[in-house]
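Here is the structure we will look at, set down as structure tokens.
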There are 2 protein chains.
Amino acid sequence: MLKPITRREFVASTLSTAAIASVAGGKGALAGSASSARSASSAVSASSGASQAAAIPFVAQPSWKDQGVLNLAHSPHAKLHNVPVRAVTIENGFWGARREVNTTQSIPTMHDQLESHGRMDNFRRLVGKSSAPQIGGPGCDSHLYKWIEAVAFTLQSGDRPELHKTAEDAIDLVIAAQKPNGYLNAYWVGERAPFSMTPEAQQSGHELYCLGHLLQAAIAYYRATGDRKALDAGIRMVNDFVLPTYGPAPKLPIISGHPEIEMSLIELYRITGDKRHLDLAGYILAGDDRIHVPLQASIYLFSGTPFTERTQVEGHAVRALYACCGAADYYLETGDATYWRTLNTLWDGMVSTKMYVTGGVGSRAQGESFGAAYDLPNVSAYAETCGAISSMMWSWRMLAATGDAKFADEIERALYNGVNSGMSLSGTLYCYTNPLAFDPSAGITIRNPWYTTPCCPPNFERTIASLPGYFYSTSSDGLYLHLYDNSTLNWHLEDGTALKVTQKTNMPWDGDVEITVAPAQPSQFTFYLRIPGWAGDNASVTVNGKPVTGAVAGAYLPIHRRWSAGDVIQLRLAMTPQVLSANRQVADDLGRVAVQRGPIVYCLEQLDQPGEVHLTDLSAAVSMKPGAEFTSEFKKEFLGGIVVLHRDGVVAEEPSLAGSPNSKAGPGALYGPYQDHADARYSRSVRLTFIPYYAWANREASPMEVWTPISKV
Amino acid sequence: MLKPITRREFVASTLSTAAIASVAGGKGALAGSASSARSASSAVSASSGASQAAAIPFVAQPSWKDQGVLNLAHSPHAKLHNVPVRAVTIENGFWGARREVNTTQSIPTMHDQLESHGRMDNFRRLVGKSSAPQIGGPGCDSHLYKWIEAVAFTLQSGDRPELHKTAEDAIDLVIAAQKPNGYLNAYWVGERAPFSMTPEAQQSGHELYCLGHLLQAAIAYYRATGDRKALDAGIRMVNDFVLPTYGPAPKLPIISGHPEIEMSLIELYRITGDKRHLDLAGYILAGDDRIHVPLQASIYLFSGTPFTERTQVEGHAVRALYACCGAADYYLETGDATYWRTLNTLWDGMVSTKMYVTGGVGSRAQGESFGAAYDLPNVSAYAETCGAISSMMWSWRMLAATGDAKFADEIERALYNGVNSGMSLSGTLYCYTNPLAFDPSAGITIRNPWYTTPCCPPNFERTIASLPGYFYSTSSDGLYLHLYDNSTLNWHLEDGTALKVTQKTNMPWDGDVEITVAPAQPSQFTFYLRIPGWAGDNASVTVNGKPVTGAVAGAYLPIHRRWSAGDVIQLRLAMTPQVLSANRQVADDLGRVAVQRGPIVYCLEQLDQPGEVHLTDLSAAVSMKPGAEFTSEFKKEFLGGIVVLHRDGVVAEEPSLAGSPNSKAGPGALYGPYQDHADARYSRSVRLTFIPYYAWANREASPMEVWTPISKV
């Protein structure tokens, strides 16, 4: 489909009279914003890791130890600033348990999977240490990089020597394969090398995509250890290989192909201060019309045309949302109003027309793509784990730009549901797709230890490893609390006042949170307490026992006062199970409801229902008669410890179209005279049992559904 | 995806020690069944057309003039037998008008389209009369053949000299390109010739598919004119090219690829009596495991594995249903019980789980395929016109085997709706897909004069041209009446008694039908009167004014008596508009209804609704409150003359999820607290106007929907 031109042809056609300008080499340090820098440490490598050939100058403020998931300390258009992962300790509780599994099961076993599937040998081969053939498609390096990043984030919460060593070894393997010109990729070598970075290869070859993941892994590792070696390798590929040759005319053009490089270059810029890194990201986001991309390809790739001309998220979901992450990062640095308008249009369109109630995105398997507005089928939902993760990453950037709690609501929705479903309770099996209804008779195994394209598993692992970094932000006037779980923040306000905040809670199973606020000295600031969108009108907040008014669901409650050690905020959120409808334009959810309690979306698994309930023929319905209620039951030993919900339901004894006068209508007929399905002849009451969606498919394969038909009898 | 082996490799691997048996040449005449043959004419060419090289012996009983759409006169397992197309004259009325458009607009303009798109030049080129390049894909000959067949059926209703001449010219063009060895195809020539009939080419090359359509066209032309020249060309390709070389080992294997050849060979057998033609069809239906087809390909192609091992219609819809036609024909000739079981399993599964209310089949664009059971989306419905046609063709064969009215009901459903929608009222624009909901803002033009693969337009044309042949059948004990419209049958009972039957009616707009039965002499027989499935309990029948009891919807009413000229059957069917529900397992139709009146399925087009109705946001609903009723209005000048239906509806003033406490929920929110959509806050009553589905998209592009949400207020 793509116009076939070789690089040589391209060069001949565009550059014959123009010399490629040599702009290699450092260009200058960051013109940092004047925001109050907390640390003046110049951040040369401070850890034990050797910093090889550390001649690349960069300005890192704050120090590597003090940088968050994003380092927004100098980003002029960030209202909120990240706190370091290491500043937040997540203790025993919901996420503590998931993170322990992540660290002790997922990450180590994924290392072995990567090894046994040749991902390390791909690099060993390049330095003569393996004769195994290259394995995996053009993006295969990235899976190893994401795994390194997962380890790196884990190390930011405290050293794990054994994991540390495996990551160190992997980094050494990777770096050893870097070519003298900075190029580093284990796929576009050998007989494929001549096609490297051709316009065609850029569209599907994942070279810059892999570079992006290398940079993210290297940055996370640097922030974990202060070790620059991976980071320097990444910088060398950017500075020595990419920048001198690729970019605006007269250099060779770039198309992102699979966006990822954009956000990575900007995060790199936040370390190096080298404005070329920011500018290159901006150039890529703007597209270069020297590489002509047909309309359909431009939609699928979500690149190649100006980001600011986009009007909706469309095409390959992860491509689109990684591009949105990069564009949001670009806005945070530049304040470009056109980007900001576009980002808001796309984000609003996504959450109001193209997102599952689980936070899953990308409804279509074909092209792993967004469907049209309201095209959100349940059984065939693709909802790749990477999609929900990239949505969360994008909302995190939008939240930083605004402090608007609507972005935090969608982070939470994705995190607890469509992201969290992506890994089994055991930690060793992963969902690639996260459908909202399932019939095992189709023969699909939903959780697997490995995929041919194993993008989701390490993406999940790096996200969970980085989770402490999502709990709080600072602003010029105080502190924002985004996520609730047992945890301790040890950090400081932006005026330098040291601050400790502890949360004690049984969230998400219980709605009470006790928050202890302890500044080093009494201090006037605003504590922004997030009241989740699902909280309704019943959120109550006290400080030291005295009620605080103004709590509104879906907003931060600003508590401005002089805080001193021993102050206690008590937050109480009603955990009443909610029955949700979808917008009527979602064809697949009409006449159905979903159940949510707190941030947790629930589902039915047939395993938990009485024998007469068969989910696949939709003969079971949730009772909506007046007075029908849920009961909640915490079951400690069940599915890792969950609140189970029960509610009356009904089962149709007779098929819905029985007695139709249409020819041969009757049991099982496809069409017949109007029947109100909500009032259809349900003859048997049953007790339905709902479990959290994220916990589905952790037992024997069983039919599942999130959106259940309703009955009013 | 398919294992690449060349024919040479194949021959080398399978035939190296085996000579290809020479079985060319005639093998014997038909062992015809003992049914009463009405005509003993041996049917050598009786028309003006030259019968070149007419050395191919065949037994045609009855004569070409007396053969129906299918010639089942000698089929041992046919309970019903076709009457010739020419025996039924469809007069002014519903189908009369459509057929007039078909003859005067569609067929002539399609001729010009085929010419201007190179379909004739493809053949001229082969005899040096054109230097234009070959145009169209591997199946492109078939479009011309189907057009010839459409003309041929038209001529069976009376000569149209101008059309006759164009078809004659086209046939001459085609025949001139036949190779000495009998091979005839305008695509697999020149540089493609070496790949002709390789196992790979058979899977996607449409060579036997085109042969099948050539045979069907030739048979229809023969039955129209007695002219054997096209038929002899087809027979030569079968007898001289296919039979000597391809078939069971040690010959080269066959895979159907795109089924069509099966039913064509059997219809040929019904003329030639050459059992090799039947046996070859049986061999193809059984599959030949020397051509290994991966599972997914076998599903898509619906061939290559034994037909009798199929358990559901699946894969490419037209492939599947053409295969079912061939299998049904095979059963009609052989009575093979395994085929019969399979056919019934597949048919029941299709109509109870995989068919739109319009009779459309093949819900998925991807692979033009059947979806899973109940996977019947409306907006994205593919429902190719050829799918509905092939479903009708299959049901016609099942009806012949049984006389069971359930098959006639589905013929009628498809014919009036999902087939009839396939051509514009003007006769010059065609639907390829027939969705059940439509939003023109997606930029799709639904009716077009031409398609790159123009399979549907001539398929529609041949079907409408052959329609008289579907009105009646004979059986050993009498006459079956299947379809109601103004018409005259001039034929005879199977005992030879001449019989004239006239229908006077305004069907489908009015439910009264006056049927005059006039045997040449008073005669004892059964008149089987079809009571449609949609008729409900109110069908009334009189003979000469006296009530006949026993009319049951969805069954034939057998009226056994001594009939004599002047007898009048009066049938009265209630035409009350019906509100239909789908089986609740159809996710896309839950909470919605469709409207049907008589055999006609209705739809809403936004053009006809008050300004506040916007179908695309589903804010308009049909009122289901007690007492809500339809009014019917015949509008003679509107859309060709139709009954329009009106009914109260409501429009939601506020979006469905307004006032949600969820974060930022409100107008346009995707999810929010449960609302009963059927009772949602509809504030404005509107009068909705329904038009027949087949008549949609005949004005300016407008949103359309068949399944409309309901309200109970």
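Note on naming: chains are A, B, ... as they come in the structure tokens, residues start from 1 per chain, ligands start from 1 in the order shown.
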Exercise: Ala97 of chain B partners within 12 Å, only C-alpha atoms, chain neighbours under 3 positions left out, as a list in words: Ile90, Glu91, Asn92, Gly93, Phe94, Glu100, Val101, Asn102, Thr103, Thr104, Gln105, Leu425, Ser426, Gly427, Ile464, Ala465, Asp485, Asn486, Gly640 and Gly641 of chain B
Could you please take those selected residues and save N, CA and C atoms as a compact mmCIF listing (two decimals), in the first residue's frame?
# COMPACT_ATOMS: atom_id res chain seq x y z
N ILE B 90 -45.97 -12.74 -14.95
CA ILE B 90 -46.20 -11.80 -13.85
C ILE B 90 -46.72 -10.51 -14.46
N GLU B 91 -47.89 -10.10 -14.00
CA GLU B 91 -48.53 -8.94 -14.62
C GLU B 91 -48.31 -7.69 -13.79
N ASN B 92 -49.05 -6.66 -14.11
CA ASN B 92 -48.88 -5.40 -13.38
C ASN B 92 -49.01 -5.61 -11.89
N GLY B 93 -48.08 -5.08 -11.18
CA GLY B 93 -48.12 -5.25 -9.73
C GLY B 93 -46.73 -5.01 -9.19
N PHE B 94 -46.52 -5.51 -7.99
CA PHE B 94 -45.26 -5.23 -7.30
C PHE B 94 -44.06 -5.75 -8.09
N GLU B 100 -40.01 -4.90 -14.85
CA GLU B 100 -39.95 -4.01 -15.99
C GLU B 100 -38.71 -3.12 -15.90
N VAL B 101 -38.43 -2.63 -14.71
CA VAL B 101 -37.20 -1.84 -14.50
C VAL B 101 -35.98 -2.71 -14.78
N ASN B 102 -36.03 -3.94 -14.32
CA ASN B 102 -34.91 -4.86 -14.53
C ASN B 102 -34.63 -5.04 -16.03
N THR B 103 -35.70 -5.22 -16.79
CA THR B 103 -35.54 -5.51 -18.22
C THR B 103 -35.16 -4.27 -19.02
N THR B 104 -35.76 -3.15 -18.66
CA THR B 104 -35.58 -1.96 -19.51
C THR B 104 -34.44 -1.07 -19.03
N GLN B 105 -34.07 -1.17 -17.75
CA GLN B 105 -33.02 -0.29 -17.24
C GLN B 105 -31.77 -1.08 -16.82
N LEU B 425 -34.56 1.83 -7.05
CA LEU B 425 -35.84 1.91 -7.75
C LEU B 425 -35.62 2.28 -9.22
N SER B 426 -34.59 3.04 -9.48
CA SER B 426 -34.29 3.43 -10.86
C SER B 426 -33.75 2.26 -11.67
N GLY B 427 -33.23 1.28 -11.01
CA GLY B 427 -32.70 0.12 -11.71
C GLY B 427 -31.25 0.23 -12.15
N ILE B 464 -34.20 -11.67 -10.50
CA ILE B 464 -35.50 -11.04 -10.79
C ILE B 464 -36.03 -11.54 -12.12
N ALA B 465 -35.12 -11.76 -13.07
CA ALA B 465 -35.56 -12.26 -14.38
C ALA B 465 -36.13 -13.67 -14.28
N ASP B 485 -48.71 -12.60 -6.25
CA ASP B 485 -48.68 -11.34 -7.00
C ASP B 485 -49.56 -11.55 -8.24
N ASN B 486 -49.98 -10.47 -8.84
CA ASN B 486 -50.79 -10.58 -10.06
C ASN B 486 -50.05 -11.41 -11.09
N GLY B 640 -42.01 4.74 -5.73
CA GLY B 640 -42.51 3.69 -6.60
C GLY B 640 -43.87 3.15 -6.21
N GLY B 641 -44.47 3.76 -5.18
CA GLY B 641 -45.77 3.27 -4.73
C GLY B 641 -45.60 2.31 -3.58
Counting only C-alpha atoms, what are the residues of chain A within 6 Å of chain B, and for each of them which pair of atoms is the nearest and at what distance in Å, to one decimal? Sort the table by chain and rising number, as CSV.
residue,atom,partner,partner_atom,distance
A:Ser352,CA,B:Leu670,CA,4.8
A:Gly533,CA,B:Ser663,CA,3.9
A:Trp534,CA,B:Asn662,CA,5.2
A:Gly536,CA,B:Pro661,CA,5.3
A:Gly554,CA,B:Ser663,CA,4.2
A:Val579,CA,B:Tyr674,CA,5.3
A:Leu580,CA,B:Pro673,CA,4.4
A:Ser581,CA,B:Tyr674,CA,4.5
A:Ala582,CA,B:Tyr671,CA,4.5
A:Asn583,CA,B:Leu670,CA,4.9
A:Gln585,CA,B:Asp617,CA,5.9
A:Ala587,CA,B:Asp588,CA,5.3
A:Asp588,CA,B:Asp588,CA,5.2
A:Leu590,CA,B:Gly591,CA,6.0
A:Gly591,CA,B:Gly591,CA,5.2
A:Asp617,CA,B:Gln585,CA,5.9
A:Leu618,CA,B:Gln585,CA,5.9
A:Pro661,CA,B:Gly536,CA,5.3
A:Asn662,CA,B:Gly533,CA,4.6
A:Ser663,CA,B:Gly533,CA,3.9
A:Ala669,CA,B:Ser352,CA,5.4
A:Leu670,CA,B:Ser352,CA,4.8
A:Tyr671,CA,B:Ala582,CA,4.5
A:Gly672,CA,B:Leu580,CA,5.3
A:Pro673,CA,B:Leu580,CA,4.4
A:Tyr674,CA,B:Leu580,CA,4.5
Keeping only N, CA, C and O atoms, write the selected residues as a compact mmCIF listing (two decimals), in the first residue's frame.
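Okay, part_16.txt is ready:
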# COMPACT_ATOMS: atom_id res chain seq x y z
N SER A 352 -15.60 9.83 25.93
CA SER A 352 -17.05 9.94 25.79
C SER A 352 -17.61 9.07 24.68
O SER A 352 -18.82 8.94 24.55
N GLY A 533 -14.82 10.33 41.00
CA GLY A 533 -16.08 10.52 40.29
C GLY A 533 -17.16 9.56 40.74
O GLY A 533 -18.35 9.91 40.72
N TRP A 534 -16.77 8.36 41.14
CA TRP A 534 -17.77 7.36 41.53
C TRP A 534 -18.31 7.60 42.93
O TRP A 534 -19.20 6.88 43.39
N GLY A 536 -20.14 9.90 44.26
CA GLY A 536 -21.49 10.42 44.45
C GLY A 536 -21.51 11.58 45.43
O GLY A 536 -20.51 12.28 45.62
N GLY A 554 -15.55 13.81 41.62
CA GLY A 554 -14.91 14.17 40.35
C GLY A 554 -14.13 15.46 40.44
O GLY A 554 -13.91 16.13 39.42
N VAL A 579 -25.18 0.47 39.77
CA VAL A 579 -25.60 -0.16 38.52
C VAL A 579 -25.46 0.90 37.43
O VAL A 579 -26.02 1.98 37.54
N LEU A 580 -24.69 0.58 36.43
CA LEU A 580 -24.38 1.57 35.39
C LEU A 580 -25.08 1.22 34.08
O LEU A 580 -25.19 0.06 33.71
N SER A 581 -25.50 2.26 33.40
CA SER A 581 -25.93 2.14 32.01
C SER A 581 -24.87 2.75 31.12
O SER A 581 -24.14 3.64 31.53
N ALA A 582 -24.85 2.29 29.90
CA ALA A 582 -24.03 2.96 28.89
C ALA A 582 -24.91 3.94 28.12
O ALA A 582 -26.14 3.81 28.10
N ASN A 583 -24.26 4.90 27.54
CA ASN A 583 -24.97 5.78 26.61
C ASN A 583 -25.72 4.91 25.61
O ASN A 583 -25.22 3.90 25.14
N GLN A 585 -26.22 5.04 22.71
CA GLN A 585 -25.63 4.85 21.40
C GLN A 585 -24.68 3.66 21.34
O GLN A 585 -24.24 3.27 20.27
N ALA A 587 -24.55 0.28 21.03
CA ALA A 587 -25.55 -0.72 20.65
C ALA A 587 -25.44 -1.97 21.50
O ALA A 587 -26.44 -2.57 21.86
N ASP A 588 -24.23 -2.35 21.83
CA ASP A 588 -24.04 -3.63 22.52
C ASP A 588 -24.44 -3.59 23.98
O ASP A 588 -24.51 -4.65 24.61
N LEU A 590 -27.19 -1.73 25.18
CA LEU A 590 -28.58 -1.34 25.37
C LEU A 590 -29.32 -2.47 26.06
O LEU A 590 -29.18 -3.64 25.70
N GLY A 591 -30.13 -2.11 27.08
CA GLY A 591 -30.87 -3.13 27.80
C GLY A 591 -30.00 -3.92 28.76
O GLY A 591 -30.41 -4.96 29.26
N ASP A 617 -26.09 -17.71 26.71
CA ASP A 617 -27.34 -17.50 25.98
C ASP A 617 -28.12 -16.31 26.54
O ASP A 617 -29.25 -16.05 26.13
N LEU A 618 -27.50 -15.57 27.44
CA LEU A 618 -28.07 -14.34 27.99
C LEU A 618 -29.43 -14.57 28.62
O LEU A 618 -30.26 -13.68 28.67
N PRO A 661 -45.96 -16.48 16.43
CA PRO A 661 -46.74 -17.02 15.31
C PRO A 661 -45.94 -17.07 14.02
O PRO A 661 -46.42 -17.61 13.04
N ASN A 662 -44.74 -16.51 14.02
CA ASN A 662 -43.96 -16.59 12.79
C ASN A 662 -43.62 -18.03 12.49
O ASN A 662 -43.49 -18.86 13.38
N SER A 663 -43.45 -18.27 11.25
CA SER A 663 -43.19 -19.62 10.80
C SER A 663 -42.07 -20.24 11.61
O SER A 663 -40.97 -19.72 11.69
N ALA A 669 -36.06 -19.31 18.25
CA ALA A 669 -36.23 -18.53 17.02
C ALA A 669 -35.44 -17.24 17.09
O ALA A 669 -35.21 -16.69 18.16
N LEU A 670 -35.06 -16.78 15.92
CA LEU A 670 -34.22 -15.59 15.86
C LEU A 670 -35.05 -14.31 15.94
O LEU A 670 -34.65 -13.34 16.56
N TYR A 671 -36.22 -14.31 15.30
CA TYR A 671 -37.08 -13.13 15.32
C TYR A 671 -38.51 -13.56 15.64
O TYR A 671 -38.94 -14.64 15.25
N GLY A 672 -39.22 -12.71 16.31
CA GLY A 672 -40.61 -13.01 16.64
C GLY A 672 -41.29 -11.77 17.15
O GLY A 672 -40.67 -10.70 17.24
N PRO A 673 -42.57 -11.88 17.48
CA PRO A 673 -43.29 -10.70 17.94
C PRO A 673 -42.61 -10.05 19.13
O PRO A 673 -41.96 -10.73 19.94
N TYR A 674 -42.80 -8.77 19.25
CA TYR A 674 -42.19 -7.98 20.31
C TYR A 674 -42.38 -8.60 21.68
O TYR A 674 -43.48 -8.97 22.05
Interatomic distance between atom CA of Ala233 of chain B and atom CA of Ile254 of chain B?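 Computed distance, atom CA of Ala233 of chain B to atom CA of Ile254 of chain B, equals 20.8 Å.
What separates atom CA of Trp450 of chain B from atom CA of Lys146 of chain B is a distance of 14.6 Å.
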Taking the DSSP secondary structure from the backbone, can you list the residues of segment 443-565 of chain B that are strand (DSSP E), as JSON, numbers by chain? {"B": [447, 448, 472, 473, 474, 475, 478, 479, 480, 481, 487, 488, 489, 490, 491, 492, 498, 499, 500, 501, 502, 503, 504, 505, 512, 513, 514, 515, 516, 517, 518, 519, 523, 524, 525, 526, 527, 528, 529, 530, 531, 540, 541, 542, 543, 546, 547, 548, 555, 556, 557, 558, 559, 560, 561, 562, 563]}
